[in-house]
>>> print(open('my_file.txt').read())   # compact mmCIF, N, CA and C atoms
# COMPACT_ATOMS: atom_id res chain seq x y z
N MET A 1 0.85 -1.17 0.00
CA MET A 1 0.00 0.00 0.00
C MET A 1 0.89 1.23 0.00
N SER A 2 0.69 2.10 -0.97
CA SER A 2 1.52 3.28 -1.12
C SER A 2 0.69 4.52 -0.79
N ILE A 3 1.25 5.39 0.03
CA ILE A 3 0.58 6.62 0.42
C ILE A 3 1.35 7.77 -0.21
N SER A 4 0.67 8.60 -0.95
CA SER A 4 1.34 9.76 -1.53
C SER A 4 1.40 10.86 -0.50
N PRO A 5 2.58 11.38 -0.25
CA PRO A 5 2.69 12.43 0.77
C PRO A 5 2.09 13.73 0.28
N SER A 6 1.40 14.41 1.18
CA SER A 6 0.84 15.71 0.81
C SER A 6 1.79 16.84 1.23
N VAL A 7 2.76 16.53 2.06
CA VAL A 7 3.75 17.51 2.47
C VAL A 7 5.11 16.97 2.06
N ILE A 8 5.88 17.78 1.36
CA ILE A 8 7.19 17.36 0.87
C ILE A 8 8.26 18.19 1.57
N LEU A 9 9.32 17.52 2.01
CA LEU A 9 10.45 18.20 2.63
C LEU A 9 11.43 18.58 1.54
N ARG A 10 11.68 19.86 1.36
CA ARG A 10 12.60 20.31 0.33
C ARG A 10 14.03 20.19 0.80
N ASP A 11 14.99 20.42 -0.09
CA ASP A 11 16.41 20.29 0.23
C ASP A 11 16.85 21.27 1.31
N ASP A 12 16.22 22.43 1.41
CA ASP A 12 16.63 23.42 2.40
C ASP A 12 15.88 23.24 3.73
N ASP A 13 15.36 22.04 3.98
CA ASP A 13 14.67 21.66 5.21
C ASP A 13 13.39 22.44 5.48
N THR A 14 12.76 23.00 4.45
CA THR A 14 11.45 23.63 4.62
C THR A 14 10.41 22.73 4.00
N MET A 15 9.22 22.81 4.52
CA MET A 15 8.15 21.96 4.02
C MET A 15 7.25 22.74 3.07
N THR A 16 6.79 22.07 2.04
CA THR A 16 5.82 22.67 1.14
C THR A 16 4.62 21.76 1.06
N ASN A 17 3.48 22.34 0.83
CA ASN A 17 2.25 21.57 0.72
C ASN A 17 2.08 21.14 -0.72
N ASN A 18 1.99 19.84 -0.95
CA ASN A 18 1.86 19.29 -2.29
C ASN A 18 0.39 19.04 -2.64
N SER A 19 -0.53 19.33 -1.72
CA SER A 19 -1.95 19.03 -1.93
C SER A 19 -2.64 20.16 -2.68
N THR A 20 -3.45 19.80 -3.65
CA THR A 20 -4.23 20.80 -4.36
C THR A 20 -5.68 20.79 -3.89
N SER A 21 -5.99 19.96 -2.90
CA SER A 21 -7.36 19.91 -2.41
C SER A 21 -7.45 20.40 -0.97
N GLY A 22 -6.52 21.24 -0.56
CA GLY A 22 -6.52 21.77 0.80
C GLY A 22 -7.57 22.83 0.99
N PRO A 23 -7.65 23.36 2.19
CA PRO A 23 -8.69 24.34 2.50
C PRO A 23 -8.56 25.64 1.71
N ARG A 24 -7.37 25.99 1.29
CA ARG A 24 -7.18 27.23 0.53
C ARG A 24 -6.74 26.96 -0.90
N ALA A 25 -7.01 25.77 -1.40
CA ALA A 25 -6.58 25.41 -2.74
C ALA A 25 -7.25 26.27 -3.80
N ASP A 26 -8.47 26.74 -3.54
CA ASP A 26 -9.17 27.56 -4.53
C ASP A 26 -8.92 29.05 -4.33
N GLY A 27 -7.99 29.40 -3.46
CA GLY A 27 -7.65 30.80 -3.24
C GLY A 27 -8.37 31.36 -2.04
N PRO A 28 -8.04 32.57 -1.66
CA PRO A 28 -8.67 33.17 -0.48
C PRO A 28 -10.14 33.50 -0.76
N LYS A 29 -10.92 33.39 0.26
CA LYS A 29 -12.35 33.71 0.17
C LYS A 29 -12.53 35.21 0.40
N THR A 30 -13.55 35.77 -0.25
CA THR A 30 -13.84 37.18 -0.01
C THR A 30 -14.65 37.29 1.28
N ARG A 31 -14.45 38.36 1.98
CA ARG A 31 -15.15 38.60 3.23
C ARG A 31 -16.59 38.99 2.94
N ARG A 32 -17.50 38.41 3.71
CA ARG A 32 -18.90 38.75 3.52
C ARG A 32 -19.18 40.13 4.10
N ALA A 33 -20.04 40.85 3.43
CA ALA A 33 -20.48 42.16 3.92
C ALA A 33 -21.99 42.11 4.04
N PHE A 34 -22.50 42.66 5.12
CA PHE A 34 -23.93 42.64 5.39
C PHE A 34 -24.48 44.05 5.31
N THR A 35 -25.64 44.18 4.71
CA THR A 35 -26.32 45.47 4.66
C THR A 35 -26.98 45.70 6.02
N PRO A 36 -27.34 46.93 6.33
CA PRO A 36 -28.04 47.18 7.61
C PRO A 36 -29.32 46.36 7.74
N GLU A 37 -30.04 46.18 6.62
CA GLU A 37 -31.27 45.39 6.67
C GLU A 37 -30.96 43.93 7.02
N GLN A 38 -29.90 43.38 6.44
CA GLN A 38 -29.51 42.01 6.75
C GLN A 38 -29.09 41.89 8.22
N LYS A 39 -28.39 42.89 8.71
CA LYS A 39 -27.97 42.87 10.12
C LYS A 39 -29.19 42.88 11.03
N ARG A 40 -30.17 43.75 10.72
CA ARG A 40 -31.39 43.80 11.54
C ARG A 40 -32.14 42.47 11.47
N THR A 41 -32.18 41.86 10.29
CA THR A 41 -32.87 40.58 10.13
C THR A 41 -32.18 39.49 10.94
N HIS A 42 -30.84 39.43 10.85
CA HIS A 42 -30.10 38.43 11.62
C HIS A 42 -30.27 38.65 13.12
N LEU A 43 -30.25 39.91 13.55
CA LEU A 43 -30.44 40.21 14.98
C LEU A 43 -31.80 39.73 15.47
N ALA A 44 -32.84 40.02 14.69
CA ALA A 44 -34.18 39.61 15.09
C ALA A 44 -34.30 38.09 15.13
N ALA A 45 -33.75 37.42 14.13
CA ALA A 45 -33.82 35.96 14.10
C ALA A 45 -33.00 35.34 15.23
N TYR A 46 -31.84 35.92 15.53
CA TYR A 46 -31.00 35.41 16.61
C TYR A 46 -31.70 35.59 17.96
N GLU A 47 -32.28 36.75 18.19
CA GLU A 47 -32.95 37.00 19.46
C GLU A 47 -34.17 36.10 19.62
N GLN A 48 -34.86 35.81 18.53
CA GLN A 48 -35.99 34.88 18.59
C GLN A 48 -35.48 33.47 18.90
N ALA A 49 -34.36 33.09 18.29
CA ALA A 49 -33.79 31.76 18.56
C ALA A 49 -33.30 31.67 20.00
N MET A 50 -32.82 32.77 20.57
CA MET A 50 -32.35 32.77 21.96
C MET A 50 -33.50 32.51 22.92
N GLU A 51 -34.70 32.95 22.58
CA GLU A 51 -35.86 32.73 23.45
C GLU A 51 -36.16 31.25 23.61
N THR A 52 -35.85 30.46 22.57
CA THR A 52 -36.09 29.02 22.63
C THR A 52 -34.82 28.26 22.96
N GLY A 53 -33.73 28.97 23.25
CA GLY A 53 -32.48 28.33 23.62
C GLY A 53 -31.70 27.77 22.45
N GLU A 54 -31.96 28.28 21.25
CA GLU A 54 -31.28 27.77 20.07
C GLU A 54 -30.45 28.84 19.37
N GLY A 55 -29.93 29.79 20.13
CA GLY A 55 -29.15 30.86 19.54
C GLY A 55 -27.87 30.37 18.91
N GLY A 56 -27.19 29.45 19.58
CA GLY A 56 -25.95 28.90 19.03
C GLY A 56 -26.20 28.14 17.74
N ASP A 57 -27.31 27.41 17.68
CA ASP A 57 -27.65 26.69 16.45
C ASP A 57 -27.87 27.67 15.30
N TYR A 58 -28.53 28.78 15.59
CA TYR A 58 -28.77 29.77 14.54
C TYR A 58 -27.44 30.34 14.03
N LEU A 59 -26.55 30.68 14.97
CA LEU A 59 -25.26 31.24 14.55
C LEU A 59 -24.50 30.25 13.69
N ARG A 60 -24.49 28.97 14.10
CA ARG A 60 -23.78 27.96 13.30
C ARG A 60 -24.41 27.80 11.92
N SER A 61 -25.74 27.78 11.86
CA SER A 61 -26.40 27.58 10.57
C SER A 61 -26.15 28.74 9.61
N GLN A 62 -25.96 29.94 10.14
CA GLN A 62 -25.73 31.11 9.31
C GLN A 62 -24.25 31.45 9.17
N ALA A 63 -23.38 30.64 9.80
CA ALA A 63 -21.92 30.87 9.79
C ALA A 63 -21.59 32.27 10.30
N LEU A 64 -22.20 32.61 11.44
CA LEU A 64 -21.96 33.90 12.09
C LEU A 64 -21.25 33.67 13.42
N TYR A 65 -20.59 34.71 13.89
CA TYR A 65 -19.95 34.66 15.20
C TYR A 65 -20.75 35.51 16.17
N TYR A 66 -20.68 35.14 17.45
CA TYR A 66 -21.39 35.91 18.47
C TYR A 66 -20.85 37.34 18.51
N SER A 67 -19.55 37.51 18.26
CA SER A 67 -18.97 38.85 18.30
C SER A 67 -19.61 39.76 17.24
N GLN A 68 -19.97 39.19 16.09
CA GLN A 68 -20.65 39.99 15.07
C GLN A 68 -22.02 40.43 15.57
N VAL A 69 -22.74 39.51 16.17
CA VAL A 69 -24.08 39.83 16.68
C VAL A 69 -23.98 40.88 17.78
N ALA A 70 -22.99 40.75 18.65
CA ALA A 70 -22.82 41.72 19.73
C ALA A 70 -22.51 43.10 19.17
N GLU A 71 -21.67 43.15 18.14
CA GLU A 71 -21.33 44.43 17.53
C GLU A 71 -22.55 45.03 16.82
N TRP A 72 -23.33 44.20 16.13
CA TRP A 72 -24.52 44.69 15.45
C TRP A 72 -25.55 45.17 16.46
N ARG A 73 -25.63 44.52 17.61
CA ARG A 73 -26.57 44.94 18.65
C ARG A 73 -26.18 46.33 19.15
N LYS A 74 -24.88 46.56 19.33
CA LYS A 74 -24.43 47.89 19.77
C LYS A 74 -24.79 48.95 18.73
N LEU A 75 -24.58 48.60 17.45
CA LEU A 75 -24.93 49.54 16.39
C LEU A 75 -26.43 49.83 16.38
N ARG A 76 -27.23 48.79 16.55
CA ARG A 76 -28.68 48.97 16.56
C ARG A 76 -29.10 49.83 17.75
N ASP A 77 -28.52 49.53 18.93
CA ASP A 77 -28.89 50.28 20.13
C ASP A 77 -28.47 51.74 20.03
N ALA A 78 -27.41 52.00 19.28
CA ALA A 78 -26.96 53.37 19.09
C ALA A 78 -27.74 54.07 17.99
N GLY A 79 -28.63 53.34 17.31
CA GLY A 79 -29.43 53.93 16.26
C GLY A 79 -28.75 54.01 14.92
N MET A 80 -27.64 53.31 14.76
CA MET A 80 -26.89 53.40 13.51
C MET A 80 -27.46 52.52 12.40
N LEU A 81 -28.18 51.47 12.74
CA LEU A 81 -28.73 50.59 11.71
C LEU A 81 -30.04 51.13 11.15
N GLU A 82 -30.77 51.92 11.92
CA GLU A 82 -32.03 52.45 11.45
C GLU A 82 -31.83 53.69 10.59
N ALA A 83 -30.79 54.45 10.86
CA ALA A 83 -30.61 55.73 10.19
C ALA A 83 -29.99 55.60 8.80
N THR A 84 -29.45 54.43 8.48
CA THR A 84 -28.77 54.29 7.20
C THR A 84 -29.72 53.74 6.15
N PRO A 85 -29.69 54.28 4.94
CA PRO A 85 -30.53 53.74 3.87
C PRO A 85 -30.00 52.40 3.39
N ALA A 86 -30.83 51.62 2.73
CA ALA A 86 -30.43 50.31 2.24
C ALA A 86 -29.30 50.46 1.22
N GLY A 87 -28.35 49.55 1.29
CA GLY A 87 -27.22 49.57 0.36
C GLY A 87 -26.03 50.35 0.84
N VAL A 88 -26.16 51.07 1.93
CA VAL A 88 -25.05 51.85 2.47
C VAL A 88 -24.40 51.06 3.59
N ARG A 89 -23.10 50.88 3.50
CA ARG A 89 -22.40 50.15 4.54
C ARG A 89 -22.24 51.05 5.76
N THR A 90 -22.35 50.44 6.92
CA THR A 90 -22.22 51.20 8.16
C THR A 90 -20.83 51.02 8.72
N SER A 91 -20.35 52.05 9.33
CA SER A 91 -19.05 51.98 10.00
C SER A 91 -19.25 51.32 11.35
N THR A 92 -18.29 50.53 11.76
CA THR A 92 -18.41 49.88 13.05
C THR A 92 -18.00 50.81 14.19
N ARG A 93 -17.41 51.92 13.86
CA ARG A 93 -16.99 52.87 14.89
C ARG A 93 -18.11 53.88 15.13
N MET A 94 -18.50 53.98 16.38
CA MET A 94 -19.55 54.92 16.74
C MET A 94 -18.95 56.29 17.01
N SER A 95 -19.73 57.30 16.72
CA SER A 95 -19.31 58.65 17.08
C SER A 95 -19.41 58.77 18.60
N PRO A 96 -18.75 59.75 19.18
CA PRO A 96 -18.84 59.91 20.64
C PRO A 96 -20.28 60.07 21.13
N GLU A 97 -21.10 60.77 20.36
CA GLU A 97 -22.50 60.95 20.76
C GLU A 97 -23.24 59.62 20.73
N GLN A 98 -23.01 58.82 19.69
CA GLN A 98 -23.67 57.53 19.58
C GLN A 98 -23.21 56.58 20.67
N ALA A 99 -21.93 56.62 21.01
CA ALA A 99 -21.41 55.78 22.09
C ALA A 99 -22.05 56.18 23.42
N GLU A 100 -22.21 57.48 23.63
CA GLU A 100 -22.84 57.97 24.85
C GLU A 100 -24.30 57.54 24.92
N ILE A 101 -25.00 57.61 23.78
CA ILE A 101 -26.40 57.19 23.74
C ILE A 101 -26.51 55.70 24.07
N ALA A 102 -25.63 54.88 23.47
CA ALA A 102 -25.66 53.44 23.73
C ALA A 102 -25.37 53.15 25.20
N LYS A 103 -24.42 53.88 25.77
CA LYS A 103 -24.07 53.70 27.19
C LYS A 103 -25.26 54.07 28.07
N LEU A 104 -25.90 55.20 27.78
CA LEU A 104 -27.04 55.63 28.58
C LEU A 104 -28.22 54.68 28.45
N ARG A 105 -28.41 54.11 27.26
CA ARG A 105 -29.49 53.13 27.10
C ARG A 105 -29.23 51.88 27.93
N ARG A 106 -27.97 51.43 27.95
CA ARG A 106 -27.64 50.26 28.77
C ARG A 106 -27.85 50.57 30.25
N GLU A 107 -27.42 51.76 30.69
CA GLU A 107 -27.61 52.16 32.08
C GLU A 107 -29.10 52.26 32.42
N LEU A 108 -29.90 52.79 31.50
CA LEU A 108 -31.34 52.89 31.72
C LEU A 108 -31.96 51.50 31.86
N ASP A 109 -31.52 50.57 31.03
CA ASP A 109 -32.04 49.20 31.10
C ASP A 109 -31.72 48.58 32.46
N VAL A 110 -30.49 48.76 32.93
CA VAL A 110 -30.10 48.23 34.24
C VAL A 110 -30.93 48.88 35.34
N SER A 111 -31.11 50.19 35.26
CA SER A 111 -31.88 50.91 36.28
C SER A 111 -33.35 50.47 36.29
N GLU A 112 -33.92 50.26 35.11
CA GLU A 112 -35.31 49.81 35.05
C GLU A 112 -35.46 48.42 35.66
N LYS A 113 -34.52 47.55 35.42
CA LYS A 113 -34.58 46.21 36.01
C LYS A 113 -34.44 46.29 37.53
N ARG A 114 -33.54 47.15 38.00
CA ARG A 114 -33.36 47.32 39.44
C ARG A 114 -34.62 47.90 40.07
N LEU A 115 -35.26 48.86 39.40
CA LEU A 115 -36.50 49.45 39.91
C LEU A 115 -37.60 48.41 40.00
N ALA A 116 -37.72 47.57 38.98
CA ALA A 116 -38.75 46.53 38.99
C ALA A 116 -38.52 45.57 40.15
N ARG A 117 -37.27 45.20 40.40
CA ARG A 117 -36.95 44.31 41.52
C ARG A 117 -37.29 44.98 42.85
N THR A 118 -36.97 46.25 42.97
CA THR A 118 -37.26 46.98 44.20
C THR A 118 -38.76 47.07 44.45
N GLU A 119 -39.53 47.32 43.39
CA GLU A 119 -40.98 47.40 43.54
C GLU A 119 -41.56 46.07 44.01
N VAL A 120 -41.07 44.98 43.47
CA VAL A 120 -41.53 43.66 43.90
C VAL A 120 -41.17 43.42 45.36
N ALA A 121 -39.95 43.81 45.74
CA ALA A 121 -39.53 43.63 47.13
C ALA A 121 -40.39 44.46 48.08
N LEU A 122 -40.71 45.70 47.69
CA LEU A 122 -41.57 46.54 48.53
C LEU A 122 -42.97 45.96 48.66
N GLU A 123 -43.48 45.40 47.57
CA GLU A 123 -44.79 44.77 47.63
C GLU A 123 -44.78 43.58 48.60
N ILE A 124 -43.73 42.79 48.54
CA ILE A 124 -43.61 41.65 49.46
C ILE A 124 -43.49 42.13 50.90
N MET A 125 -42.71 43.18 51.12
CA MET A 125 -42.55 43.72 52.47
C MET A 125 -43.88 44.24 53.00
N GLY A 126 -44.68 44.88 52.14
CA GLY A 126 -45.99 45.38 52.56
C GLY A 126 -46.92 44.25 52.98
N LYS A 127 -46.90 43.17 52.19
CA LYS A 127 -47.74 42.02 52.53
C LYS A 127 -47.26 41.36 53.82
N ALA A 128 -45.95 41.30 54.02
CA ALA A 128 -45.42 40.71 55.25
C ALA A 128 -45.83 41.56 56.46
N ARG A 129 -45.79 42.89 56.30
CA ARG A 129 -46.19 43.78 57.39
C ARG A 129 -47.66 43.58 57.74
N GLU A 130 -48.51 43.48 56.72
CA GLU A 130 -49.94 43.24 56.97
C GLU A 130 -50.15 41.91 57.70
N LEU A 131 -49.43 40.89 57.30
CA LEU A 131 -49.55 39.59 57.95
C LEU A 131 -49.11 39.67 59.40
N LEU A 132 -48.00 40.35 59.66
CA LEU A 132 -47.53 40.49 61.04
C LEU A 132 -48.51 41.28 61.89
N GLU A 133 -49.13 42.32 61.32
CA GLU A 133 -50.13 43.08 62.07
C GLU A 133 -51.33 42.20 62.42
N GLU A 134 -51.77 41.39 61.48
CA GLU A 134 -52.89 40.49 61.75
C GLU A 134 -52.53 39.50 62.84
N LEU A 135 -51.32 38.98 62.80
CA LEU A 135 -50.89 38.02 63.82
C LEU A 135 -50.79 38.68 65.19
N SER A 136 -50.30 39.91 65.25
CA SER A 136 -50.17 40.58 66.54
C SER A 136 -51.54 40.94 67.10
N GLU A 137 -52.50 41.32 66.24
CA GLU A 137 -53.85 41.63 66.70
C GLU A 137 -54.54 40.38 67.24
N SER A 138 -54.33 39.27 66.57
CA SER A 138 -54.99 38.05 67.03
C SER A 138 -54.35 37.53 68.32
N SER A 139 -53.09 37.83 68.56
CA SER A 139 -52.45 37.35 69.79
C SER A 139 -52.80 38.23 70.99
N THR A 140 -53.18 39.49 70.77
CA THR A 140 -53.54 40.37 71.89
C THR A 140 -54.99 40.21 72.32
N GLN A 141 -55.82 39.64 71.47
CA GLN A 141 -57.21 39.43 71.84
C GLN A 141 -57.30 38.20 72.74
N PRO A 142 -58.22 38.26 73.72
CA PRO A 142 -58.36 37.10 74.60
C PRO A 142 -58.89 35.91 73.81
N PRO A 143 -58.51 34.72 74.19
CA PRO A 143 -59.00 33.55 73.46
C PRO A 143 -60.51 33.41 73.66
N PRO A 144 -61.22 33.03 72.63
CA PRO A 144 -62.68 32.92 72.74
C PRO A 144 -63.06 31.78 73.69
N HIS A 145 -64.10 32.07 74.51
CA HIS A 145 -64.57 31.03 75.46
C HIS A 145 -65.53 30.13 74.69
N GLY A 146 -65.26 28.93 74.72
CA GLY A 146 -66.12 28.01 74.01
C GLY A 146 -66.38 26.79 74.88
N LYS A 147 -66.86 25.79 74.28
CA LYS A 147 -67.12 24.55 75.01
C LYS A 147 -65.82 23.92 75.41
N ARG A 148 -65.91 23.30 76.58
CA ARG A 148 -64.73 22.59 77.06
C ARG A 148 -64.86 21.16 76.87
>>> encode(input="my_file.txt", output="structure tokens")
Amino acid sequence: MSISPSVILRDDDTMTNNSTSGPRADGPKTRRAFTPEQKRTHLAAYEQAMETGEGGDYLRSQALYYSQVAEWRKLRDAGMLEATPAGVRTSTRMSPEQAEIAKLRRELDVSEKRLARTEVALEIMGKARELLEELSESSTQPPPHGKR
């Protein structure tokens, strides 16, 4: 049984690839570019897949990276994907104003979540107080005389 080597050692002790069916045999691939509409579509589909716990499957099926989705989400939150007309490529660098807007939106989201948690805690505390008042009132009243 004869195996043809795909790597050949040259006289100067360097290796060359003799295979024409390697991963880059057909030349370098061009980088994909997404329009703002495609980015919004992928974001919506990814977020919907995340609700069912299949976000990773969606990324693999579309050959996307999470870092791309995270960057597109920042652009969307900064309003950069909505403001651009179709066919215009967006820059990944936000202006200082857009970065500030994105930061403030994230802070607002955190504050709203904290407020909702605090409101729930206050509601629980109010109910606990009412229960304790009822218990203290019932313990101060004399026990009812009934049949022995």
>>> atom_distance(input="my_file.txt", atom1="atom CA of A:Leu104", atom2="atom CA of A:Arg76")
13.8 Å
>>> atom_distance(input="my_file.txt", atom1="atom C of A:Ala102", atom2="atom CA of A:Ala78")
6.3 Å
>>> atom_distance(input="my_file.txt", atom1="atom CA of A:His42", atom2="atom CA of A:Lys29")
21.6 Å
>>> axis_aligned_box(input="my_file.txt", around="stretch 40-53 of chain A", padding_each_side="5 Å", output="JSON")
{"center_x": -33.1, "center_y": 35.8, "center_z": 16.9, "size_x": 16.1, "size_y": 26.0, "size_z": 23.5}
